[in-house]
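> Below you'll find target.cif; it's mmCIF, C-alpha atoms.
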```cif
data_start
#
loop_
_atom_site.label_atom_id
_atom_site.label_comp_id
_atom_site.auth_asym_id
_atom_site.auth_seq_id
_atom_site.Cartn_x
_atom_site.Cartn_y
_atom_site.Cartn_z
CA MET A 1 -18.97 -54.66 15.93
CA GLN A 2 -15.87 -54.25 18.12
CA PRO A 3 -14.14 -57.43 16.78
CA LEU A 4 -14.79 -56.26 13.20
CA LEU A 5 -13.35 -52.82 13.94
CA LYS A 6 -10.29 -54.23 15.66
CA THR A 7 -9.53 -56.81 12.95
CA TYR A 8 -10.58 -54.81 9.88
CA PRO A 9 -10.84 -51.15 10.99
CA VAL A 10 -11.31 -49.69 7.50
CA TRP A 11 -14.04 -52.18 6.57
CA GLY A 12 -15.64 -51.72 9.99
CA VAL A 13 -15.89 -47.96 9.52
CA LEU A 14 -17.31 -48.48 6.02
CA VAL A 15 -19.96 -50.88 7.36
CA ILE A 16 -21.02 -48.40 10.06
CA TRP A 17 -21.30 -45.61 7.49
CA ILE A 18 -23.31 -47.77 5.06
CA ILE A 19 -25.75 -48.67 7.87
CA HIS A 20 -26.33 -44.98 8.65
CA LEU A 21 -26.60 -44.12 4.96
CA LEU A 22 -29.02 -46.93 4.10
CA ARG A 23 -31.27 -46.09 7.02
CA TYR A 24 -31.54 -42.51 5.75
CA LEU A 25 -31.97 -43.45 2.08
CA LEU A 26 -34.54 -46.18 2.73
CA VAL A 27 -36.78 -44.30 5.16
CA ALA A 28 -36.63 -40.93 3.42
CA GLY A 29 -36.83 -42.58 -0.01
CA ILE A 30 -39.93 -44.64 0.82
CA PHE A 31 -41.80 -41.64 2.21
CA TYR A 32 -40.71 -39.47 -0.73
CA ALA A 33 -41.80 -42.07 -3.29
CA ILE A 34 -45.24 -42.40 -1.70
CA TYR A 35 -46.03 -38.74 -1.05
CA TYR A 36 -44.16 -36.95 -3.81
CA SER A 37 -44.89 -39.42 -6.62
CA TRP A 38 -47.11 -42.47 -6.22
CA ARG A 39 -49.93 -41.03 -4.06
CA GLN A 40 -49.23 -37.32 -4.50
CA SER A 41 -52.51 -36.35 -6.18
CA ARG A 42 -54.70 -38.58 -4.02
CA LEU A 43 -53.18 -37.21 -0.82
CA SER A 44 -53.06 -33.58 -1.90
CA SER A 45 -55.64 -32.52 0.70
CA ARG A 46 -53.11 -33.35 3.44
CA LYS A 47 -50.30 -31.26 1.91
CA ILE A 48 -49.29 -28.73 4.55
CA GLN A 49 -47.96 -26.12 2.12
CA PRO A 50 -49.32 -26.11 -1.44
CA ARG A 51 -45.91 -25.38 -2.93
CA PHE A 52 -43.17 -27.95 -3.50
CA PRO A 53 -39.40 -27.82 -3.04
CA LYS A 54 -37.25 -27.08 -6.08
CA ASN A 55 -34.91 -29.71 -7.43
CA ASP A 56 -32.00 -27.62 -6.16
CA ASP A 57 -33.50 -27.83 -2.66
CA LEU A 58 -33.74 -31.60 -2.89
CA ARG A 59 -30.14 -31.91 -4.06
CA ARG A 60 -28.95 -29.68 -1.22
CA GLU A 61 -30.92 -31.68 1.35
CA ILE A 62 -29.57 -35.00 0.09
CA GLY A 63 -25.99 -33.74 -0.13
CA TYR A 64 -25.88 -32.40 3.42
CA SER A 65 -27.71 -35.46 4.71
CA ILE A 66 -25.13 -37.81 3.22
CA ALA A 67 -22.41 -35.74 4.88
CA THR A 68 -24.31 -36.07 8.16
CA THR A 69 -24.28 -39.87 7.87
CA VAL A 70 -20.49 -39.72 7.65
CA ILE A 71 -20.34 -37.69 10.87
CA PHE A 72 -22.77 -40.08 12.57
CA ALA A 73 -20.54 -42.98 11.51
CA LEU A 74 -17.46 -41.29 12.97
CA VAL A 75 -19.25 -40.70 16.28
CA SER A 76 -20.31 -44.36 16.31
CA LEU A 77 -16.68 -45.30 15.67
CA ALA A 78 -15.60 -43.17 18.64
CA ILE A 79 -17.99 -45.08 20.91
CA PHE A 80 -16.62 -48.47 19.90
CA MET A 81 -12.94 -47.69 19.44
CA SER A 82 -12.06 -45.05 22.03
CA GLY A 83 -11.85 -45.23 25.81
CA ILE A 84 -15.47 -44.08 26.00
CA ARG A 85 -16.64 -47.67 25.59
CA ASN A 86 -14.75 -48.68 28.74
CA HIS A 87 -16.39 -46.06 30.94
CA ASN A 88 -19.98 -45.68 29.77
CA LEU A 89 -22.94 -47.85 30.79
CA MET A 90 -23.41 -49.84 27.58
CA TYR A 91 -23.78 -53.58 28.14
CA ALA A 92 -23.29 -56.52 25.79
CA HIS A 93 -25.67 -59.21 27.10
CA TRP A 94 -29.41 -58.56 26.90
CA SER A 95 -29.99 -60.92 29.84
CA ASP A 96 -27.98 -58.65 32.15
CA TYR A 97 -30.98 -56.30 32.45
CA GLY A 98 -33.80 -58.20 30.75
CA THR A 99 -36.56 -57.26 28.34
CA ALA A 100 -38.55 -55.05 30.73
CA TYR A 101 -35.56 -52.81 31.29
CA GLY A 102 -34.73 -52.91 27.57
CA LEU A 103 -38.17 -51.47 26.78
CA PHE A 104 -37.89 -48.92 29.58
CA SER A 105 -34.45 -47.78 28.40
CA PHE A 106 -35.80 -47.28 24.87
CA VAL A 107 -38.60 -45.01 26.14
CA ALA A 108 -36.21 -43.21 28.47
CA LEU A 109 -33.79 -42.63 25.59
CA VAL A 110 -36.56 -41.12 23.46
CA VAL A 111 -37.64 -38.80 26.29
CA LEU A 112 -34.04 -37.81 26.99
CA HIS A 113 -33.41 -37.11 23.32
CA ASP A 114 -36.52 -34.97 23.11
CA ALA A 115 -35.29 -32.76 25.97
CA TYR A 116 -31.77 -32.64 24.51
CA PHE A 117 -33.12 -31.69 21.09
CA TYR A 118 -35.42 -28.94 22.37
CA TRP A 119 -32.72 -27.11 24.30
CA THR A 120 -29.91 -27.53 21.79
CA HIS A 121 -32.33 -26.52 19.03
CA ARG A 122 -33.35 -23.37 20.87
CA ALA A 123 -29.70 -22.59 21.52
CA MET A 124 -28.92 -22.88 17.81
CA HIS A 125 -31.55 -20.23 17.12
CA HIS A 126 -29.52 -17.70 19.11
CA PRO A 127 -28.31 -14.98 16.70
CA ARG A 128 -24.67 -15.81 17.47
CA LEU A 129 -25.13 -19.45 16.45
CA PHE A 130 -27.90 -19.50 13.88
CA LYS A 131 -26.05 -18.45 10.70
CA THR A 132 -23.04 -20.62 11.45
CA VAL A 133 -24.68 -23.78 12.80
CA HIS A 134 -28.38 -23.95 11.94
CA LEU A 135 -29.00 -21.93 8.78
CA VAL A 136 -28.24 -24.87 6.48
CA HIS A 137 -31.18 -26.80 7.90
CA HIS A 138 -33.48 -23.78 7.63
CA LYS A 139 -32.75 -23.28 3.97
CA SER A 140 -35.54 -25.86 3.60
CA THR A 141 -38.46 -23.51 4.26
CA ASN A 142 -40.79 -26.15 2.83
CA PRO A 143 -38.92 -29.35 3.74
CA SER A 144 -39.11 -32.72 2.06
CA PRO A 145 -38.28 -36.10 3.66
CA TRP A 146 -34.72 -35.66 2.37
CA ALA A 147 -34.25 -32.72 4.78
CA ALA A 148 -34.26 -35.02 7.81
CA TYR A 149 -30.45 -35.05 8.06
CA SER A 150 -29.72 -31.82 6.17
CA PHE A 151 -27.39 -30.29 8.77
CA HIS A 152 -24.28 -28.17 8.81
CA PRO A 153 -21.42 -30.42 10.02
CA LEU A 154 -21.34 -28.60 13.37
CA GLU A 155 -25.05 -29.23 13.88
CA ALA A 156 -24.59 -32.84 12.80
CA ILE A 157 -22.02 -33.29 15.57
CA VAL A 158 -24.46 -31.84 18.12
CA GLU A 159 -27.21 -34.17 16.91
CA ALA A 160 -24.89 -37.20 16.97
CA LEU A 161 -23.77 -36.64 20.56
CA ILE A 162 -27.09 -37.74 22.09
CA VAL A 163 -26.16 -41.45 22.08
CA PRO A 164 -22.70 -41.00 23.67
CA ILE A 165 -24.19 -38.67 26.30
CA ALA A 166 -27.10 -41.02 27.00
CA SER A 167 -24.70 -43.96 27.36
CA PHE A 168 -23.29 -42.31 30.49
CA ILE A 169 -26.76 -41.78 31.96
CA LEU A 170 -28.58 -45.02 31.06
CA PRO A 171 -27.37 -48.61 30.70
CA LEU A 172 -27.96 -49.22 26.98
CA HIS A 173 -27.76 -52.34 24.87
CA GLY A 174 -26.79 -52.22 21.22
CA TYR A 175 -30.25 -53.45 20.23
CA THR A 176 -31.85 -50.56 22.13
CA ILE A 177 -29.63 -48.05 20.36
CA MET A 178 -30.40 -49.56 16.94
CA ALA A 179 -34.15 -49.49 17.62
CA PHE A 180 -33.86 -45.89 18.80
CA LEU A 181 -31.97 -44.84 15.67
CA VAL A 182 -34.63 -46.38 13.43
CA PHE A 183 -37.43 -44.72 15.43
CA MET A 184 -35.58 -41.40 15.34
CA MET A 185 -35.15 -41.64 11.58
CA VAL A 186 -38.81 -42.46 10.92
CA TYR A 187 -40.14 -39.69 13.17
CA ASN A 188 -37.63 -37.20 11.80
CA VAL A 189 -38.68 -37.97 8.23
CA TYR A 190 -42.35 -37.66 9.24
CA GLY A 191 -41.64 -34.24 10.75
CA HIS A 192 -40.13 -33.05 7.46
CA LEU A 193 -42.58 -34.88 5.22
CA GLY A 194 -44.70 -31.91 4.13
CA TRP A 195 -47.91 -33.93 4.64
CA GLU A 196 -49.84 -34.48 7.85
CA LEU A 197 -50.47 -38.14 8.65
CA PHE A 198 -52.31 -37.86 11.95
CA PRO A 199 -56.13 -37.60 11.87
CA ALA A 200 -58.28 -34.53 12.44
CA ARG A 201 -58.66 -33.35 16.05
CA TRP A 202 -55.47 -35.21 17.00
CA ASN A 203 -54.20 -31.85 18.29
CA THR A 204 -57.00 -31.61 20.85
CA HIS A 205 -57.02 -35.20 22.16
CA TRP A 206 -56.02 -35.30 25.82
CA ALA A 207 -53.06 -37.60 25.16
CA ALA A 208 -52.29 -37.32 21.44
CA ARG A 209 -52.01 -33.52 21.62
CA TRP A 210 -48.62 -33.94 23.30
CA LEU A 211 -47.15 -35.72 20.28
CA ASN A 212 -45.33 -33.54 17.78
CA THR A 213 -46.79 -33.43 14.28
CA SER A 214 -45.58 -32.76 10.77
CA VAL A 215 -47.64 -29.56 10.75
CA ASN A 216 -45.90 -28.42 13.92
CA HIS A 217 -42.38 -28.86 12.55
CA ASN A 218 -43.32 -27.61 9.09
CA GLN A 219 -44.41 -24.33 10.67
CA HIS A 220 -41.01 -24.09 12.35
CA HIS A 221 -39.30 -24.39 8.96
CA GLN A 222 -41.75 -22.00 7.34
CA TYR A 223 -41.48 -19.18 9.89
CA PHE A 224 -38.25 -19.96 11.84
CA ARG A 225 -39.81 -19.19 15.24
CA GLY A 226 -41.60 -21.41 17.73
CA ASN A 227 -42.31 -25.16 17.71
CA TYR A 228 -38.81 -26.31 18.69
CA GLY A 229 -39.71 -29.83 19.86
CA LEU A 230 -38.93 -33.16 18.21
CA TYR A 231 -41.13 -36.05 19.38
CA PHE A 232 -43.33 -34.30 21.93
CA ARG A 233 -44.86 -30.88 22.42
CA TRP A 234 -44.57 -30.56 26.19
CA TRP A 235 -41.37 -28.51 26.21
CA ASP A 236 -42.91 -26.01 23.78
CA GLU A 237 -46.03 -25.85 25.94
CA TRP A 238 -44.13 -25.50 29.20
CA MET A 239 -41.77 -22.85 27.78
CA GLY A 240 -44.48 -20.96 25.88
CA THR A 241 -42.89 -21.51 22.48
CA THR A 242 -45.81 -23.17 20.68
CA ARG A 243 -46.88 -20.99 17.77
CA PRO A 244 -50.33 -19.47 18.44
CA ASP A 245 -51.52 -20.48 14.96
CA TYR A 246 -50.52 -24.14 15.34
CA ASP A 247 -54.02 -25.50 16.04
CA ALA A 248 -55.49 -23.57 13.10
CA ALA A 249 -52.75 -24.90 10.83
CA PHE A 250 -53.32 -28.48 11.97
CA ASP A 251 -57.10 -28.18 11.50
CA ARG A 252 -56.58 -26.79 8.02
CA ALA A 253 -54.20 -29.57 7.00
CA THR A 254 -56.47 -32.34 8.28
CA ALA A 255 -59.88 -30.98 7.32
CA GLN A 256 -59.65 -29.46 3.85
CA PRO A 257 -57.27 -28.83 0.95
CA VAL A 258 -54.56 -26.30 1.67
CA SER A 259 -54.84 -23.10 -0.32
CA GLN A 260 -52.85 -20.37 1.42
CA PRO A 261 -50.60 -20.29 4.50
CA GLU A 262 -52.70 -19.48 7.53
CA SER A 263 -50.17 -17.07 9.06
CA THR A 264 -49.77 -13.40 8.15
CA GLU A 265 -46.00 -13.90 8.04
CA SER A 266 -44.51 -14.31 4.58
CA PRO A 267 -42.44 -17.45 3.94
CA VAL A 268 -40.05 -17.78 1.02
CA THR A 269 -41.85 -18.72 -2.21
CA LEU A 270 -40.66 -21.89 -3.93
CA GLN A 271 -41.80 -23.46 -7.18
CA PRO A 272 -43.04 -27.05 -7.66
CA VAL A 273 -40.59 -29.76 -8.67
CA HIS A 274 -40.47 -30.24 -12.43
#
```
Would you mind giving the structure from this file in structure tokens?

Amino acid sequence: MQPLLKTYPVWGVLVIWIIHLLRYLLVAGIFYAIYYSWRQSRLSSRKIQPRFPKNDDLRREIGYSIATTVIFALVSLAIFMSGIRNHNLMYAHWSDYGTAYGLFSFVALVVLHDAYFYWTHRAMHHPRLFKTVHLVHHKSTNPSPWAAYSFHPLEAIVEALIVPIASFILPLHGYTIMAFLVFMMVYNVYGHLGWELFPARWNTHWAARWLNTSVNHNQHHQYFRGNYGLYFRWWDEWMGTTRPDYDAAFDRATAQPVSQPESTESPVTLQPVH
């Protein structure tokens, strides 16, 4: 990527942006096509909230998400073109560390990102930051897959910084970063899907219970409080921020058709897509 950027900087930036954009459009688009069109009626029993986003919500989510891909591309450009690349721990040859370390660094990057996300996410819920930085994302009270990147530009910058920060903590190869970005996109879309994909009693399994679920993050969008994690639930458990009605919500979504929200709190009412 560096030779392309140095020789053809404009085309290099465009290629980086298209990669970020296509990853978002393909992953979110595939999940949306399956769950909001092709298999919608057959999978209705797994719908977390019975209502659907409005078309205006979908347009807002897509618009902000496309803007986010531009910011992600600019951060990627900064890594390759600025002095950061000369001082971080990124390496060019896979053989320098080998496959075992490559796999370890991928897992370590996911765990690091989960911690980074939990604490920056909680910070953005502070009253002094929420309306300015995080409210755009929470306008999706019943998110669709398109909401995965629906961030205010300031929040998009915060989200994009995880890779540059991690590159000063862990030796990272470009392949590891690309695999991480794909994984992040898929799990992020799953969290905003609006359907639960994991099986019943997943939330009580000794190991699986620590994985975050679509129900978990959907509740966060629905009620704005609790369930701040991304990939895992351990930070919420350790910090006491898991919603007390999470298990009931997961059981409802995986055991029977959804009829009414299980919480006494009142979310915003939206109409189905026409």
> Provide the CA of Val70 in chain A to CA of His93 in chain A distance in Å, to one decimal place.
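So the answer is 28.0 Å.
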> Expand the PyMOL selection byres ((chain A and resi 162) around 10) into the individual residues it matches in the shown file, reporting them as a list in words.
Leu109, Leu112, His113, Asp114, Tyr116, Phe117, Ile157, Val158, Glu159, Ala160, Leu161, Val163, Pro164, Ile165, Ala166 and Ser167 of chain A
> Store the residues of this selection in a file with C-alpha atoms, as a PDB file, in the coordinates of the input.

```
ATOM      1  CA  LEU A 109     -33.790 -42.630  25.590  1.00  0.00           C
ATOM      2  CA  LEU A 112     -34.040 -37.810  26.990  1.00  0.00           C
ATOM      3  CA  HIS A 113     -33.410 -37.110  23.320  1.00  0.00           C
ATOM      4  CA  ASP A 114     -36.520 -34.970  23.110  1.00  0.00           C
ATOM      5  CA  TYR A 116     -31.770 -32.640  24.510  1.00  0.00           C
ATOM      6  CA  PHE A 117     -33.120 -31.690  21.090  1.00  0.00           C
ATOM      7  CA  ILE A 157     -22.020 -33.290  15.570  1.00  0.00           C
ATOM      8  CA  VAL A 158     -24.460 -31.840  18.120  1.00  0.00           C
ATOM      9  CA  GLU A 159     -27.210 -34.170  16.910  1.00  0.00           C
ATOM     10  CA  ALA A 160     -24.890 -37.200  16.970  1.00  0.00           C
ATOM     11  CA  LEU A 161     -23.770 -36.640  20.560  1.00  0.00           C
ATOM     12  CA  VAL A 163     -26.160 -41.450  22.080  1.00  0.00           C
ATOM     13  CA  PRO A 164     -22.700 -41.000  23.670  1.00  0.00           C
ATOM     14  CA  ILE A 165     -24.190 -38.670  26.300  1.00  0.00           C
ATOM     15  CA  ALA A 166     -27.100 -41.020  27.000  1.00  0.00           C
ATOM     16  CA  SER A 167     -24.700 -43.960  27.360  1.00  0.00           C
TER      17      SER A 167
END
```
> Within 6 Å of range 124-141 of chain A, counting all atoms listed in the file, which residues show up once you throw out same-chain ones fewer than 5 positions away? Write them as a list in words, please.
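My reading of the contact set: Ser150, Phe151, His152, Leu154, Glu155, His221 and Gln222 of chain A.
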> For the provided coordinates, the residues matched by the PyMOL selection byres ((chain A and resi 62) around 12) should be stated as a ChimeraX atom specification.
/A:21,24-25,28-29,55-61,63-69,137,140,143-151
> Calculate how many Å separate CA of Phe183 in chain A from CA of Ala123 in chain A, rounding to one decimal.
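Distance reported for this atom pair: 24.2 Å.
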> Could you list, as an MDAnalysis selection string, every residue within 9 Å of Phe180 in chain A, counting all atoms listed in the file and ignoring same-chain residues fewer than 4 positions away?
chainID A and resid 106:107 109:110 175:176 184:185
> Taking the file above as input, evaluate the PyMOL selection byres ((chain A and resi 243) around 10) and report the hits as a list in words.
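Answer for the PyMOL selection byres ((chain A and resi 243) around 10): Asn216, Gln219, His220, Tyr223, Arg225, Gly226, Asn227, Tyr228, Asp236, Glu237, Gly240, Thr241, Thr242, Pro244, Asp245, Tyr246, Asp247 and Ala249 of chain A.
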> CA of Leu181 in chain A and CA of Ala200 in chain A, how far apart in Å?
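Interatomic distance, CA of Ala200 in chain A to CA of Leu181 in chain A: 28.4 Å.
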> If we draw a sphere of 12 Å around (-29.4, -50.0, 32.3), which residues have at least one atom in it when counting only C-alpha atoms? Please report them as a PDB file with C-alpha atoms, keeping the file's coordinate frame.

```pdb
ATOM      1  CA  ASN A  88     -19.980 -45.680  29.770  1.00  0.00           C
ATOM      2  CA  LEU A  89     -22.940 -47.850  30.790  1.00  0.00           C
ATOM      3  CA  MET A  90     -23.410 -49.840  27.580  1.00  0.00           C
ATOM      4  CA  TYR A  91     -23.780 -53.580  28.140  1.00  0.00           C
ATOM      5  CA  ALA A  92     -23.290 -56.520  25.790  1.00  0.00           C
ATOM      6  CA  HIS A  93     -25.670 -59.210  27.100  1.00  0.00           C
ATOM      7  CA  TRP A  94     -29.410 -58.560  26.900  1.00  0.00           C
ATOM      8  CA  SER A  95     -29.990 -60.920  29.840  1.00  0.00           C
ATOM      9  CA  ASP A  96     -27.980 -58.650  32.150  1.00  0.00           C
ATOM     10  CA  TYR A  97     -30.980 -56.300  32.450  1.00  0.00           C
ATOM     11  CA  GLY A  98     -33.800 -58.200  30.750  1.00  0.00           C
ATOM     12  CA  THR A  99     -36.560 -57.260  28.340  1.00  0.00           C
ATOM     13  CA  ALA A 100     -38.550 -55.050  30.730  1.00  0.00           C
ATOM     14  CA  TYR A 101     -35.560 -52.810  31.290  1.00  0.00           C
ATOM     15  CA  GLY A 102     -34.730 -52.910  27.570  1.00  0.00           C
ATOM     16  CA  LEU A 103     -38.170 -51.470  26.780  1.00  0.00           C
ATOM     17  CA  PHE A 104     -37.890 -48.920  29.580  1.00  0.00           C
ATOM     18  CA  SER A 105     -34.450 -47.780  28.400  1.00  0.00           C
ATOM     19  CA  PHE A 106     -35.800 -47.280  24.870  1.00  0.00           C
ATOM     20  CA  ALA A 108     -36.210 -43.210  28.470  1.00  0.00           C
ATOM     21  CA  LEU A 109     -33.790 -42.630  25.590  1.00  0.00           C
ATOM     22  CA  ALA A 166     -27.100 -41.020  27.000  1.00  0.00           C
ATOM     23  CA  SER A 167     -24.700 -43.960  27.360  1.00  0.00           C
ATOM     24  CA  PHE A 168     -23.290 -42.310  30.490  1.00  0.00           C
ATOM     25  CA  ILE A 169     -26.760 -41.780  31.960  1.00  0.00           C
ATOM     26  CA  LEU A 170     -28.580 -45.020  31.060  1.00  0.00           C
ATOM     27  CA  PRO A 171     -27.370 -48.610  30.700  1.00  0.00           C
ATOM     28  CA  LEU A 172     -27.960 -49.220  26.980  1.00  0.00           C
ATOM     29  CA  HIS A 173     -27.760 -52.340  24.870  1.00  0.00           C
ATOM     30  CA  GLY A 174     -26.790 -52.220  21.220  1.00  0.00           C
ATOM     31  CA  THR A 176     -31.850 -50.560  22.130  1.00  0.00           C
TER      32      THR A 176
END
```
> For a quick check of understanding, using only C-alpha atoms, which of A:Thr204, A:Thr213, A:Ser45, A:Ser76 has the smallest distance to Ala255 in chain A?
A:Ser45
